[in-house]
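J.: Below you'll find data.cif; it's mmCIF, C-alpha atoms (C1' of nucleotides).
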```cif
data_my_file
#
loop_
_atom_site.label_atom_id
_atom_site.label_comp_id
_atom_site.auth_asym_id
_atom_site.auth_seq_id
_atom_site.Cartn_x
_atom_site.Cartn_y
_atom_site.Cartn_z
CA MET A 145 54.59 131.20 -58.83
CA GLU A 146 51.82 133.36 -57.50
CA ASN A 147 52.64 135.31 -54.40
CA SER A 148 49.55 135.37 -52.25
CA PHE A 149 51.34 137.27 -49.54
CA GLN A 150 51.47 140.93 -50.30
CA ASP A 151 50.05 144.02 -48.78
CA ASP A 152 46.99 145.83 -50.09
CA ASP A 153 47.96 147.25 -53.46
CA SER A 154 48.02 144.24 -55.66
CA LEU A 155 48.50 145.54 -59.17
CA ARG A 156 51.19 144.16 -61.35
CA SER A 157 51.23 145.67 -64.80
CA GLU A 158 52.30 144.73 -68.18
CA GLU A 159 50.54 147.70 -69.75
CA ALA A 160 52.24 149.28 -72.68
CA SER A 161 51.57 152.59 -74.26
CA GLN A 162 54.44 154.48 -75.81
CA GLU A 163 55.90 153.10 -79.01
CA TRP A 164 59.65 152.83 -79.37
CA SER A 165 61.72 152.82 -82.49
CA ASP A 166 62.51 149.15 -82.20
CA GLY A 167 58.83 148.27 -82.13
CA GLN A 168 58.89 147.46 -78.45
CA SER A 169 56.67 149.35 -76.13
CA ALA A 170 57.43 151.24 -72.94
CA ALA A 171 55.13 151.25 -70.00
CA LEU A 172 53.44 154.48 -69.11
CA ASP A 173 52.28 152.84 -65.92
CA PRO A 174 53.23 155.40 -63.28
CA THR A 175 54.56 152.75 -60.93
CA VAL A 176 56.82 151.31 -63.61
CA ARG A 177 57.93 154.77 -64.56
CA PHE A 178 58.74 155.55 -60.95
CA ILE A 179 60.73 152.37 -60.55
CA GLU A 180 62.79 153.12 -63.64
CA GLN A 181 63.44 156.66 -62.51
CA MET A 182 64.62 155.38 -59.17
CA GLY A 183 67.08 153.29 -61.15
CA ILE A 184 68.33 156.31 -63.07
CA HIS A 185 68.64 158.41 -59.94
CA ALA A 186 70.53 155.66 -58.14
CA GLN A 187 72.95 155.48 -61.04
CA GLY A 188 73.59 159.20 -60.65
CA ASP A 189 74.36 158.54 -57.00
CA GLY A 190 76.94 155.93 -57.86
CA VAL A 191 74.64 153.10 -56.91
CA PRO A 192 73.97 150.32 -59.44
CA ARG A 193 70.85 150.97 -61.45
CA ILE A 194 69.32 147.66 -60.51
CA ALA A 195 69.69 148.43 -56.80
CA GLY A 196 67.74 151.62 -57.41
CA ARG A 197 65.04 149.78 -59.30
CA ILE A 198 64.75 147.28 -56.49
CA MET A 199 64.33 150.12 -54.02
CA GLY A 200 61.67 151.61 -56.25
CA TYR A 201 59.91 148.28 -56.38
CA PHE A 202 59.86 148.10 -52.60
CA ILE A 203 58.54 151.61 -52.25
CA VAL A 204 55.69 150.70 -54.54
CA TYR A 205 55.06 147.19 -53.18
CA GLY A 206 56.28 147.34 -49.61
CA GLY A 207 56.81 143.63 -49.44
CA PRO A 208 57.54 141.03 -48.36
CA VAL A 209 58.57 140.14 -51.88
CA SER A 210 60.36 136.98 -52.89
CA PHE A 211 63.77 136.78 -54.47
CA ALA A 212 62.34 135.10 -57.56
CA GLN A 213 59.62 137.71 -57.85
CA LEU A 214 62.19 140.50 -57.97
CA ALA A 215 64.08 138.78 -60.74
CA GLN A 216 60.93 138.21 -62.74
CA GLU A 217 59.21 141.56 -62.23
CA LEU A 218 62.32 143.62 -62.86
CA GLN A 219 63.54 141.32 -65.64
CA VAL A 220 67.02 140.85 -64.28
CA SER A 221 69.15 137.80 -63.66
CA ARG A 222 69.09 136.03 -60.32
CA ALA A 223 72.78 136.84 -60.05
CA SER A 224 72.01 140.54 -60.15
CA VAL A 225 69.20 140.19 -57.68
CA SER A 226 71.57 138.34 -55.37
CA THR A 227 74.31 140.95 -55.39
CA ASN A 228 72.08 144.01 -55.36
CA VAL A 229 69.82 142.68 -52.65
CA ARG A 230 72.91 142.09 -50.55
CA THR A 231 74.08 145.61 -51.20
CA LEU A 232 70.73 146.98 -50.08
CA THR A 233 70.56 144.84 -46.96
CA ASP A 234 74.13 145.84 -46.12
CA LEU A 235 73.03 149.44 -46.44
CA GLY A 236 70.12 148.67 -44.14
CA MET A 237 67.56 149.76 -46.71
CA ILE A 238 65.76 146.43 -46.91
CA ASP A 239 65.48 143.48 -44.53
CA LYS A 240 65.41 139.79 -45.19
CA VAL A 241 62.34 138.20 -43.66
CA ALA A 242 61.62 134.52 -43.16
CA ARG A 243 58.40 132.88 -44.21
CA PRO A 244 57.62 129.69 -42.30
CA GLY A 245 57.35 126.74 -44.58
CA ASP A 246 58.78 128.63 -47.54
CA ARG A 247 62.32 128.03 -48.61
CA GLN A 248 62.53 131.21 -50.64
CA ASP A 249 64.08 134.41 -49.36
CA TYR A 250 61.75 137.29 -48.83
CA TYR A 251 62.63 140.93 -48.40
CA GLN A 252 60.83 144.03 -47.31
CA LEU A 253 61.48 147.71 -46.96
CA ALA A 254 63.39 148.56 -43.78
CA ASN A 255 61.97 150.83 -41.16
CA ASN A 256 63.75 154.05 -42.00
CA PRO A 257 65.28 153.09 -45.30
CA TYR A 258 67.25 156.23 -45.97
CA LEU A 259 68.50 156.72 -42.47
CA ARG A 260 71.23 154.16 -42.90
CA MET A 261 72.25 155.85 -46.07
CA ILE A 262 73.18 158.89 -44.04
CA GLU A 263 75.22 156.69 -41.79
CA THR A 264 77.10 155.42 -44.81
CA TYR A 265 77.58 159.00 -45.84
CA LEU A 266 78.92 159.73 -42.38
CA LEU A 267 81.42 156.92 -42.75
CA ARG A 268 82.77 158.54 -45.90
CA MET A 269 83.17 161.83 -44.11
CA ARG A 270 84.93 160.21 -41.19
CA ALA A 271 87.28 158.51 -43.63
CA MET A 272 88.04 161.92 -45.06
CA GLN A 273 88.68 163.24 -41.56
CA ASP A 274 91.18 160.44 -40.98
CA LEU A 275 92.84 161.27 -44.26
CA LEU A 276 93.17 164.91 -43.24
CA GLN A 277 94.40 163.98 -39.80
CA LYS A 278 97.04 161.72 -41.25
CA ALA A 279 98.15 164.39 -43.66
CA ASP A 280 98.36 166.86 -40.82
CA ASP A 281 100.53 164.45 -38.85
CA THR A 282 102.94 163.58 -41.62
CA ILE A 283 103.36 166.80 -43.58
CA PRO A 284 106.32 168.88 -42.42
CA ALA A 285 105.37 171.46 -39.82
CA ASN A 286 107.05 174.28 -41.69
CA MET A 287 104.44 174.09 -44.47
CA HIS A 288 102.26 176.55 -42.63
CA SER A 289 99.70 177.45 -45.26
CA THR A 290 99.17 173.79 -46.05
CA HIS A 291 98.42 173.06 -42.43
CA SER A 292 96.11 176.00 -42.28
CA ARG A 293 94.14 174.73 -45.26
CA LEU A 294 94.02 171.25 -43.76
CA ALA A 295 92.65 172.76 -40.55
CA GLN A 296 89.99 174.60 -42.51
CA MET A 297 88.85 171.41 -44.18
CA ARG A 298 88.83 169.54 -40.92
CA HIS A 299 86.60 172.20 -39.49
CA PHE A 300 84.27 171.79 -42.41
CA PHE A 301 83.95 168.05 -41.95
CA GLU A 302 83.62 168.40 -38.22
CA THR A 303 80.64 170.68 -38.71
CA ALA A 304 79.14 168.52 -41.42
CA VAL A 305 79.46 165.37 -39.33
CA GLN A 306 77.78 167.03 -36.37
CA SER A 307 74.98 168.29 -38.55
CA ASN A 308 74.33 164.85 -39.98
CA GLU A 309 74.49 163.20 -36.59
CA GLN A 310 71.81 165.59 -35.44
CA LEU A 311 69.80 164.81 -38.54
CA ILE A 312 69.93 161.13 -37.73
CA LYS A 313 68.72 161.82 -34.21
CA ASP A 314 65.85 163.91 -35.55
CA LEU A 315 64.81 161.19 -37.93
CA GLU A 316 64.93 158.51 -35.27
CA GLN A 317 62.40 160.59 -33.29
CA MET B 215 108.57 177.45 -67.05
CA GLU B 216 109.32 178.37 -63.49
CA ASN B 217 106.45 179.62 -61.47
CA SER B 218 107.75 182.33 -59.23
CA PHE B 219 104.32 183.09 -57.89
CA GLN B 220 103.35 180.70 -55.17
CA ASP B 221 102.63 181.00 -51.53
CA ASP B 222 105.08 180.01 -48.82
CA ASP B 223 105.45 176.24 -49.04
CA SER B 224 107.53 175.78 -52.11
CA LEU B 225 108.48 172.12 -52.20
CA ARG B 226 107.94 170.11 -55.26
CA SER B 227 109.04 166.53 -54.99
CA GLU B 228 110.16 163.79 -57.18
CA GLU B 229 111.40 161.72 -54.27
CA ALA B 230 110.90 158.02 -54.51
CA SER B 231 111.16 155.45 -51.82
CA GLN B 232 108.99 152.37 -51.97
CA GLU B 233 109.87 149.76 -54.53
CA TRP B 234 107.11 148.30 -56.66
CA SER B 235 106.95 144.93 -58.34
CA ASP B 236 107.40 146.45 -61.77
CA GLY B 237 110.56 148.15 -60.67
CA GLN B 238 108.99 151.57 -60.56
CA SER B 239 109.01 153.47 -57.35
CA ALA B 240 106.25 155.13 -55.36
CA ALA B 241 106.65 158.32 -53.46
CA LEU B 242 106.54 158.19 -49.72
CA ASP B 243 106.41 161.96 -49.66
CA PRO B 244 103.45 162.70 -47.39
CA THR B 245 102.14 165.42 -49.68
CA VAL B 246 102.20 163.12 -52.69
CA ARG B 247 100.57 160.40 -50.65
CA PHE B 248 97.86 162.80 -49.56
CA ILE B 249 97.22 163.92 -53.11
CA GLU B 250 96.88 160.35 -54.31
CA GLN B 251 94.54 159.49 -51.47
CA MET B 252 92.38 162.45 -52.34
CA GLY B 253 92.17 160.95 -55.81
CA ILE B 254 91.06 157.59 -54.46
CA HIS B 255 88.51 159.15 -52.15
CA ALA B 256 87.09 161.27 -54.95
CA GLN B 257 86.70 158.17 -57.06
CA GLY B 258 84.67 156.63 -54.26
CA ASP B 259 82.47 159.69 -54.32
CA GLY B 260 81.77 159.33 -58.00
CA VAL B 261 84.15 162.14 -58.90
CA PRO B 262 86.94 161.50 -61.43
CA ARG B 263 90.16 160.55 -59.76
CA ILE B 264 92.11 163.33 -61.43
CA ALA B 265 89.67 165.93 -60.12
CA GLY B 266 90.35 164.61 -56.63
CA ARG B 267 94.09 164.75 -57.16
CA ILE B 268 93.84 168.31 -58.37
CA MET B 269 91.90 169.20 -55.24
CA GLY B 270 94.58 167.54 -53.18
CA TYR B 271 97.22 169.50 -54.99
CA PHE B 272 95.44 172.74 -54.21
CA ILE B 273 95.04 171.86 -50.57
CA VAL B 274 98.78 171.30 -50.37
CA TYR B 275 99.84 174.21 -52.57
CA GLY B 276 97.02 176.72 -52.23
CA GLY B 277 97.88 178.37 -55.48
CA PRO B 278 97.72 180.23 -57.73
CA VAL B 279 98.98 177.34 -59.80
CA SER B 280 99.24 177.37 -63.56
CA PHE B 281 97.43 175.04 -65.91
CA ALA B 282 100.70 173.69 -67.27
CA GLN B 283 102.03 173.14 -63.78
CA LEU B 284 99.05 170.96 -62.88
CA ALA B 285 99.56 168.83 -65.96
CA GLN B 286 103.24 168.43 -65.25
CA GLU B 287 103.14 167.87 -61.51
CA LEU B 288 100.26 165.44 -61.62
CA GLN B 289 101.50 163.75 -64.79
CA VAL B 290 98.24 163.96 -66.68
CA SER B 291 97.37 165.16 -70.15
CA ARG B 292 96.44 168.79 -70.72
CA ALA B 293 93.11 167.48 -71.96
CA SER B 294 92.39 165.96 -68.58
CA VAL B 295 93.48 169.08 -66.76
CA SER B 296 91.16 171.09 -68.97
CA THR B 297 88.05 169.02 -68.30
CA ASN B 298 88.68 168.38 -64.63
CA VAL B 299 89.59 171.95 -63.88
CA ARG B 300 86.33 172.99 -65.47
CA THR B 301 84.43 170.47 -63.38
CA LEU B 302 86.01 171.86 -60.23
CA THR B 303 85.35 175.48 -61.14
CA ASP B 304 81.77 174.59 -62.01
CA LEU B 305 81.48 173.04 -58.57
CA GLY B 306 82.90 176.23 -57.11
CA MET B 307 85.80 174.42 -55.49
CA ILE B 308 88.55 176.34 -57.29
CA ASP B 309 88.64 179.73 -58.97
CA LYS B 310 90.37 180.87 -62.10
CA VAL B 311 92.60 183.87 -61.42
CA ALA B 312 94.23 186.18 -63.92
CA ARG B 313 97.90 187.09 -63.82
CA PRO B 314 98.73 190.37 -65.56
CA GLY B 315 101.16 189.89 -68.36
CA ASP B 316 100.85 186.11 -68.26
CA ARG B 317 98.82 184.34 -70.86
CA GLN B 318 98.52 181.15 -68.86
CA ASP B 319 95.49 180.26 -66.78
CA TYR B 320 95.99 180.17 -63.06
CA TYR B 321 93.76 178.60 -60.47
CA GLN B 322 93.52 178.67 -56.74
CA LEU B 323 91.45 177.08 -54.00
CA ALA B 324 88.06 178.73 -53.58
CA ASN B 325 87.00 180.31 -50.34
CA ASN B 326 84.86 177.60 -48.88
CA PRO B 327 85.67 174.79 -51.25
CA TYR B 328 83.31 172.17 -49.89
CA LEU B 329 80.37 174.43 -49.34
CA ARG B 330 79.30 174.29 -52.96
CA MET B 331 79.53 170.55 -52.86
CA ILE B 332 76.72 170.52 -50.35
CA GLU B 333 74.70 172.67 -52.68
CA THR B 334 75.19 170.13 -55.41
CA TYR B 335 74.13 167.49 -52.94
CA LEU B 336 71.03 169.54 -52.19
CA LEU B 337 70.19 169.63 -55.88
CA ARG B 338 70.20 165.86 -55.99
CA MET B 339 67.86 165.68 -53.03
CA ARG B 340 65.49 168.19 -54.59
CA ALA B 341 65.46 166.13 -57.76
CA MET B 342 64.46 163.15 -55.65
CA GLN B 343 61.71 165.19 -54.06
CA ASP B 344 60.35 166.04 -57.49
CA LEU B 345 60.47 162.39 -58.41
CA LEU B 346 58.49 161.47 -55.32
CA GLN B 347 56.01 164.28 -55.89
CA LYS B 348 55.41 163.18 -59.45
CA ALA B 349 54.93 159.58 -58.36
CA ASP B 350 52.48 160.73 -55.72
CA ASP B 351 50.53 162.65 -58.34
CA THR B 352 50.34 159.90 -60.92
CA ILE B 353 50.01 156.70 -58.95
CA PRO B 354 46.37 155.64 -58.42
CA ALA B 355 44.93 156.94 -55.19
CA ASN B 356 43.67 153.55 -54.12
CA MET B 357 47.24 152.27 -53.63
CA HIS B 358 47.19 153.44 -50.07
CA SER B 359 50.27 151.80 -48.67
CA THR B 360 52.30 152.99 -51.64
CA HIS B 361 51.23 156.56 -51.01
CA SER B 362 52.01 156.17 -47.36
CA ARG B 363 55.54 155.01 -48.13
CA LEU B 364 55.98 157.85 -50.60
CA ALA B 365 54.89 160.28 -47.91
CA GLN B 366 57.40 158.80 -45.51
CA MET B 367 60.22 159.28 -47.99
CA ARG B 368 59.14 162.79 -48.76
CA HIS B 369 59.26 163.58 -45.09
CA PHE B 370 62.77 162.21 -44.94
CA PHE B 371 64.03 164.37 -47.76
CA GLU B 372 62.23 167.40 -46.43
CA THR B 373 64.06 167.02 -43.15
CA ALA B 374 67.38 166.29 -44.83
CA VAL B 375 67.12 169.30 -47.10
CA GLN B 376 66.34 171.59 -44.17
CA SER B 377 69.24 170.19 -42.21
CA ASN B 378 71.67 170.80 -45.05
CA GLU B 379 70.37 174.27 -45.72
CA GLN B 380 71.07 175.05 -42.10
CA LEU B 381 74.52 173.53 -42.42
CA ILE B 382 75.26 175.82 -45.35
CA LYS B 383 74.16 178.82 -43.33
CA ASP B 384 76.38 177.77 -40.46
CA LEU B 385 79.38 177.37 -42.73
CA GLU B 386 78.83 180.72 -44.36
CA GLN B 387 79.21 182.27 -40.89
"C1'" DC C 786 104.35 187.29 -91.76
"C1'" DA C 787 105.97 182.62 -89.81
"C1'" DC C 788 106.43 180.51 -85.40
"C1'" DT C 789 105.38 179.44 -80.58
"C1'" DT C 790 102.40 178.83 -76.59
"C1'" DC C 791 98.09 177.83 -74.48
"C1'" DG C 792 93.73 175.73 -73.69
"C1'" DT C 793 89.70 173.29 -75.76
"C1'" DT C 794 87.46 169.81 -78.42
"C1'" DC C 795 86.85 165.41 -80.34
"C1'" DA C 796 87.57 160.67 -81.87
"C1'" DG C 797 89.60 156.71 -80.10
"C1'" DT C 798 91.51 153.89 -76.37
"C1'" DT C 799 91.59 152.23 -71.75
"C1'" DA C 800 89.97 151.17 -67.43
"C1'" DA C 801 86.22 150.22 -64.15
"C1'" DG C 802 81.78 148.51 -63.02
"C1'" DA C 803 77.57 146.39 -63.82
"C1'" DT C 804 75.22 142.54 -65.54
"C1'" DT C 805 74.79 137.92 -67.00
"C1'" DG C 806 74.99 132.68 -67.82
"C1'" DA C 807 76.75 128.70 -66.09
"C1'" DA C 808 78.51 125.92 -62.55
"C1'" DC C 809 77.90 124.92 -57.89
"C1'" DA C 810 76.48 123.80 -52.95
"C1'" DA C 811 72.80 123.52 -49.75
"C1'" DA C 812 68.35 122.21 -48.61
"C1'" DC C 813 64.41 120.18 -49.79
"C1'" DT C 814 61.14 116.26 -52.24
"C1'" DA C 815 59.80 111.93 -53.82
"C1'" DT D 32 68.87 107.56 -53.83
"C1'" DA D 33 68.08 110.80 -57.89
"C1'" DG D 34 65.89 114.96 -59.03
"C1'" DT D 35 64.21 120.04 -57.83
"C1'" DT D 36 64.54 124.38 -56.20
"C1'" DT D 37 67.09 128.22 -54.39
"C1'" DG D 38 70.67 131.54 -53.84
"C1'" DT D 39 75.68 132.39 -54.43
"C1'" DT D 40 80.00 132.71 -56.90
"C1'" DC D 41 82.91 133.29 -60.77
"C1'" DA D 42 84.50 134.14 -65.42
"C1'" DA D 43 83.09 136.44 -69.44
"C1'" DT D 44 80.61 140.17 -71.66
"C1'" DC D 45 78.62 144.53 -72.02
"C1'" DT D 46 78.28 149.42 -70.78
"C1'" DT D 47 79.75 153.50 -69.19
"C1'" DA D 48 82.87 156.91 -68.09
"C1'" DA D 49 87.67 158.49 -67.72
"C1'" DC D 50 91.59 159.60 -70.04
"C1'" DT D 51 94.61 160.56 -73.90
"C1'" DG D 52 96.84 162.20 -78.33
"C1'" DA D 53 96.18 164.91 -82.08
"C1'" DA D 54 94.11 168.60 -84.45
"C1'" DC D 55 92.55 173.11 -83.92
"C1'" DG D 56 91.73 178.23 -82.96
"C1'" DA D 57 93.09 182.06 -80.31
"C1'" DA D 58 96.57 184.97 -78.77
"C1'" DG D 59 100.88 186.03 -78.29
"C1'" DT D 60 106.28 187.05 -80.22
"C1'" DG D 61 109.93 187.69 -83.40
#
```
When written as structure tokens, how does the structure in this file appear?

T.:
Amino acid sequence: MENSFQDDDSLRSEEASQEWSDGQSAALDPTVRFIEQMGIHAQGDGVPRIAGRIMGYFIVYGGPVSFAQLAQELQVSRASVSTNVRTLTDLGMIDKVARPGDRQDYYQLANNPYLRMIETYLLRMRAMQDLLQKADDTIPANMHSTHSRLAQMRHFFETAVQSNEQLIKDLEQ
Amino acid sequence: MENSFQDDDSLRSEEASQEWSDGQSAALDPTVRFIEQMGIHAQGDGVPRIAGRIMGYFIVYGGPVSFAQLAQELQVSRASVSTNVRTLTDLGMIDKVARPGDRQDYYQLANNPYLRMIETYLLRMRAMQDLLQKADDTIPANMHSTHSRLAQMRHFFETAVQSNEQLIKDLEQ
DNA sequence: CACTTCGTTCAGTTAAGATTGAACAAACTA
DNA sequence: TAGTTTGTTCAATCTTAACTGAACGAAGTG
């Protein structure tokens, strides 16, 4: 059960400090706090909380980290680890890595974890552009002000897409 | 009940075309289709579907449009119109406009509807920056690789924030 | 004044996702 | 072969947020 393969910072931490009403205790450990906050923030972004916590875990412990370890450390079911880890790999935020002679799956933080997120964001904007294009094509031509507003929005997304494409280039160095 | 005050494109449309399994009919009207798709897309962005539909409605019929008209045309409760219209005004995407001698509330598309959305987006990124800063401050200094990953993420958000601030400037002309 | 219209608020319902346990298949081990 | 371990899938549960109807206050109108 011990994972001997991990980069420098080795702490785990079960430390408790703050008392809760139900008698349980919450960790004041800054790493744990950070991981939980990543979960909250992710939720606000429409991403499952557990996916956010997993990301937080990887930022703290870069990996490679085993599937089972994630489930145990974050106290979530293997089913959740399975789905959320897939989500994150699909997003390109973490990578699956093989460990010779070990049947378990290991994962680690991707190279530029948030870069792919922008690409996903770009996809959404392009979908919106399609939507606007289609509307422009199908809505009667005599609805002039409607077409003018559609054009304005298209211009917005055009600009935004270009800006984010440039951002990606900048971040790729 | 008639709204005499509306810009050029005056169509409403109750037209139905496509048959559904339950015997009801869906509108093929391109404007209705567009409005519904805006609802779907909004949902995907974590915004309530009705807010998206309202936005769609305003893109099609720039406004001013009355509160009651929104409820009727989009077939939603006045309660929903109330909350979603507030959300959209808070986001700066639509504006409330007064009509002398008319007690009803009217709304119309804001000037640069999506610009404020980017500002909201910026707020989220700044919150993330705070989160990272706080983690950097509290996590033990000897966790070197953790701090290095935190620094990498901070750099990302720094760059992203700058890029989006520039985008806002560009869009403001 | 009584009566209507308009928009907000709030408690309750509904709908949508996230999370889980259990069943399962694949790949090992003995 | 039977028995483990590992990750996935699926149905059921739990949680969260959206949406609604009804009650309400404010602001008309008659």

J.: Enter the distance from CA of Ile254 in chain B to CA of Arg267 in chain B, in Å, rounded to one decimal.

T.: 8.2 Å

J.: For the structure shown, which residues end up in the PyMOL selection byres ((chain B) within 9 of (chain C))? Put them as a CSV table (one decimal) with C-alpha atoms, in the coordinates of the input, please?

T.:
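result14.csv, written as the output of this step:
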```
chain,number,residue,atom,x,y,z
B,281,PHE,CA,97.4,175.0,-65.9
B,282,ALA,CA,100.7,173.7,-67.3
B,292,ARG,CA,96.4,168.8,-70.7
B,293,ALA,CA,93.1,167.5,-72.0
B,296,SER,CA,91.2,171.1,-69.0
B,297,THR,CA,88.0,169.0,-68.3
B,317,ARG,CA,98.8,184.3,-70.9
B,318,GLN,CA,98.5,181.2,-68.9
B,319,ASP,CA,95.5,180.3,-66.8
```

J.: Please indicate the distance in Å from CA of Leu253 in chain A to CA of Glu309 in chain A, rounded to one decimal place.

T.: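 Between CA of Leu253 in chain A and CA of Glu309 in chain A the gap works out to 22.7 Å.
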
J.: Using only C-alpha atoms (C1' of nucleotides), I'd like every residue of chain D that has an atom within 12 Å of chain A; please write them out as a ChimeraX atom specification.

T.: /D:36-41,47-48

J.: Pull out every residue that the PyMOL selection byres ((chain B) within 8 of (chain A)) matches in the shown coordinates and put them as an NGL selection string.

T.: :B and (221-223 or 244-245 or 248 or 251 or 255 or 259-260 or 273-276 or 328 or 342 or 345 or 349 or 352-353 or 356-360 or 363-364 or 367 or 370 or 373-374 or 377-378 or 381 or 385)

J.: Mind writing the picked residues with C-alpha atoms as an mmCIF file, keeping the file's coordinate frame?

T.:
```
data_model
loop_
_atom_site.group_PDB
_atom_site.id
_atom_site.type_symbol
_atom_site.label_atom_id
_atom_site.label_comp_id
_atom_site.auth_asym_id
_atom_site.auth_seq_id
_atom_site.Cartn_x
_atom_site.Cartn_y
_atom_site.Cartn_z
ATOM 1 C CA ASP B 221 102.630 181.000 -51.530
ATOM 2 C CA ASP B 222 105.080 180.010 -48.820
ATOM 3 C CA ASP B 223 105.450 176.240 -49.040
ATOM 4 C CA PRO B 244 103.450 162.700 -47.390
ATOM 5 C CA THR B 245 102.140 165.420 -49.680
ATOM 6 C CA PHE B 248 97.860 162.800 -49.560
ATOM 7 C CA GLN B 251 94.540 159.490 -51.470
ATOM 8 C CA HIS B 255 88.510 159.150 -52.150
ATOM 9 C CA ASP B 259 82.470 159.690 -54.320
ATOM 10 C CA GLY B 260 81.770 159.330 -58.000
ATOM 11 C CA ILE B 273 95.040 171.860 -50.570
ATOM 12 C CA VAL B 274 98.780 171.300 -50.370
ATOM 13 C CA TYR B 275 99.840 174.210 -52.570
ATOM 14 C CA GLY B 276 97.020 176.720 -52.230
ATOM 15 C CA TYR B 328 83.310 172.170 -49.890
ATOM 16 C CA MET B 342 64.460 163.150 -55.650
ATOM 17 C CA LEU B 345 60.470 162.390 -58.410
ATOM 18 C CA ALA B 349 54.930 159.580 -58.360
ATOM 19 C CA THR B 352 50.340 159.900 -60.920
ATOM 20 C CA ILE B 353 50.010 156.700 -58.950
ATOM 21 C CA ASN B 356 43.670 153.550 -54.120
ATOM 22 C CA MET B 357 47.240 152.270 -53.630
ATOM 23 C CA HIS B 358 47.190 153.440 -50.070
ATOM 24 C CA SER B 359 50.270 151.800 -48.670
ATOM 25 C CA THR B 360 52.300 152.990 -51.640
ATOM 26 C CA ARG B 363 55.540 155.010 -48.130
ATOM 27 C CA LEU B 364 55.980 157.850 -50.600
ATOM 28 C CA MET B 367 60.220 159.280 -47.990
ATOM 29 C CA PHE B 370 62.770 162.210 -44.940
ATOM 30 C CA THR B 373 64.060 167.020 -43.150
ATOM 31 C CA ALA B 374 67.380 166.290 -44.830
ATOM 32 C CA SER B 377 69.240 170.190 -42.210
ATOM 33 C CA ASN B 378 71.670 170.800 -45.050
ATOM 34 C CA LEU B 381 74.520 173.530 -42.420
ATOM 35 C CA LEU B 385 79.380 177.370 -42.730
#
```

J.: After a least-squares superposition of chain B on chain A over all Cα atoms matched in order, what is the RMSD to one decimal?

T.: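 Between chain A and chain B, the C-alpha RMSD is 0.3 Å.
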
J.: To one decimal place, how far is CA of Leu305 in chain B from CA of Arg330 in chain B in Å?

T.: 6.1 Å

J.: Report as a list in words the full result of the PyMOL selection byres ((chain A and resi 251) around 9) when it is applied to this structure.

T.: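 Checked against the file, the PyMOL selection byres ((chain A and resi 251) around 9) matches Phe202, Gly207, Pro208, Val209, Ser210, Phe211, Val229, Thr233, Ile238, Asp239, Lys240, Val241, Ala242, Asp249, Tyr250, Gln252, Leu253 and Ala254 of chain A.
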
J.: With N, CA and C atoms as the target, complete range 341-352 of chain B and hand it back as a CSV table (one decimal), in the coordinates of the input.

T.:
```
chain,number,residue,atom,x,y,z
B,341,ALA,N,65.9,166.9,-56.6
B,341,ALA,CA,65.5,166.1,-57.8
B,341,ALA,C,64.7,164.9,-57.3
B,342,MET,N,65.2,164.3,-56.2
B,342,MET,CA,64.5,163.2,-55.6
B,342,MET,C,63.1,163.6,-55.1
B,343,GLN,N,63.0,164.7,-54.5
B,343,GLN,CA,61.7,165.2,-54.1
B,343,GLN,C,60.7,165.4,-55.2
B,344,ASP,N,61.2,165.9,-56.3
B,344,ASP,CA,60.4,166.0,-57.5
B,344,ASP,C,59.9,164.7,-57.9
B,345,LEU,N,60.8,163.7,-58.0
B,345,LEU,CA,60.5,162.4,-58.4
B,345,LEU,C,59.3,161.8,-57.5
B,346,LEU,N,59.5,162.0,-56.3
B,346,LEU,CA,58.5,161.5,-55.3
B,346,LEU,C,57.2,162.2,-55.5
B,347,GLN,N,57.2,163.5,-55.7
B,347,GLN,CA,56.0,164.3,-55.9
B,347,GLN,C,55.3,163.8,-57.1
B,348,LYS,N,56.0,163.6,-58.2
B,348,LYS,CA,55.4,163.2,-59.4
B,348,LYS,C,54.8,161.8,-59.3
B,349,ALA,N,55.5,160.9,-58.6
B,349,ALA,CA,54.9,159.6,-58.4
B,349,ALA,C,53.6,159.7,-57.6
B,350,ASP,N,53.7,160.5,-56.6
B,350,ASP,CA,52.5,160.7,-55.7
B,350,ASP,C,51.3,161.2,-56.6
B,351,ASP,N,51.6,162.1,-57.5
B,351,ASP,CA,50.5,162.6,-58.3
B,351,ASP,C,49.9,161.6,-59.3
B,352,THR,N,50.8,160.8,-59.8
B,352,THR,CA,50.3,159.9,-60.9
B,352,THR,C,49.9,158.5,-60.5
```
